[in-house]
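> Take this structure, written in structure tokens, and hold onto it; I'll ask about it next.
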Amino acid sequence: MNEKQTMENLLLVLKGECDLMMHGAIESSTGNVHGEFTRALSEVLAMQNEVYSAMARAGMYPSATAQEGQIELVRDKFSPSL
């Protein structure tokens, strides 16, 4: 397994953890439990951001800037028709 695959797997694990923490916060029965899940979610989101940022710096996730015309086409495509 190469470095990109390893980091992609790590991102998937962290996304799964985020999902668990989010649902834990939503379903929590007390303020203390909600607070702990929310705090844990924030920490896992920070870890996910660090991994993604490292991948972007290494060129594993290049991003492109969309032209205004492309943005408008997509917005029109998905806007509800009246």
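Chain labels A, B, ... are given in the sequence in which chains occur in the structure tokens; within each chain residues are numbered consecutively from 1, and ligands are likewise numbered from 1 in the order shown.
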Quick check for you: according to DSSP on this backbone, which residues of chain A are classed as helix (DSSP H, G or I)? Reply as a ChimeraX atom specification.
/A:3-27,31-57,68-78
> Between A:His23, A:Leu73, A:Met55, A:Glu68, which is the closest to Met7 in chain A once you count only C-alpha atoms?
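Result for the nearest residue to Met7 in chain A: A:Met55.
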> Which neighbours of range 39-42 of chain A fall inside 9 Å, counting only C-alpha atoms, when residues of the same chain fewer than 3 positions from it are skipped, and could you give them as an MDAnalysis selection string?
chainID A and resid 17:22 25 34:36 45:47
> Would you mind exporting the chosen residues as a compact mmCIF listing (two decimals), in the first residue's frame, restricted to N, CA and C atoms?

```txt
# COMPACT_ATOMS: atom_id res chain seq x y z
N GLU A 17 -15.52 7.99 12.16
CA GLU A 17 -15.53 8.47 13.54
C GLU A 17 -16.37 9.74 13.67
N CYS A 18 -16.25 10.64 12.70
CA CYS A 18 -17.06 11.86 12.73
C CYS A 18 -18.55 11.53 12.72
N ASP A 19 -18.92 10.56 11.90
CA ASP A 19 -20.31 10.14 11.81
C ASP A 19 -20.79 9.61 13.17
N LEU A 20 -19.97 8.77 13.80
CA LEU A 20 -20.34 8.24 15.12
C LEU A 20 -20.49 9.35 16.15
N MET A 21 -19.54 10.27 16.16
CA MET A 21 -19.58 11.35 17.15
C MET A 21 -20.78 12.27 16.91
N MET A 22 -21.06 12.57 15.66
CA MET A 22 -22.19 13.43 15.34
C MET A 22 -23.50 12.79 15.81
N ALA A 25 -23.83 12.83 19.52
CA ALA A 25 -24.27 14.14 20.02
C ALA A 25 -25.76 14.34 19.78
N HIS A 34 -23.85 15.04 25.62
CA HIS A 34 -23.84 15.83 24.39
C HIS A 34 -22.55 16.64 24.27
N GLY A 35 -22.14 17.25 25.35
CA GLY A 35 -20.92 18.05 25.34
C GLY A 35 -19.69 17.22 25.03
N GLU A 36 -19.61 16.02 25.58
CA GLU A 36 -18.46 15.15 25.33
C GLU A 36 -18.42 14.69 23.87
N LEU A 45 -12.67 16.13 13.75
CA LEU A 45 -12.70 17.00 12.57
C LEU A 45 -11.36 17.69 12.36
N ALA A 46 -10.72 18.09 13.46
CA ALA A 46 -9.40 18.72 13.36
C ALA A 46 -8.38 17.73 12.81
N MET A 47 -8.44 16.48 13.27
CA MET A 47 -7.53 15.45 12.75
C MET A 47 -7.77 15.22 11.26
```
> Between CA of Thr38 in chain A and CA of Arg57 in chain A, what is the distance, to one decimal in Å?
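Distance reported for this atom pair: 28.4 Å.
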> Could you state the separation of CA of Leu14 in chain A and CA of Asn32 in chain A in Å, given to one decimal place?
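Those two atoms sit 23.1 Å apart.
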> Can you work out which one of A:Val13, A:Gly24, A:Met60, A:Pro80 has the shortest atom-to-atom distance to Phe37 in chain A, counting only C-alpha atoms?
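Looking at the shortest contact to Phe37 in chain A, the residue is A:Gly24.
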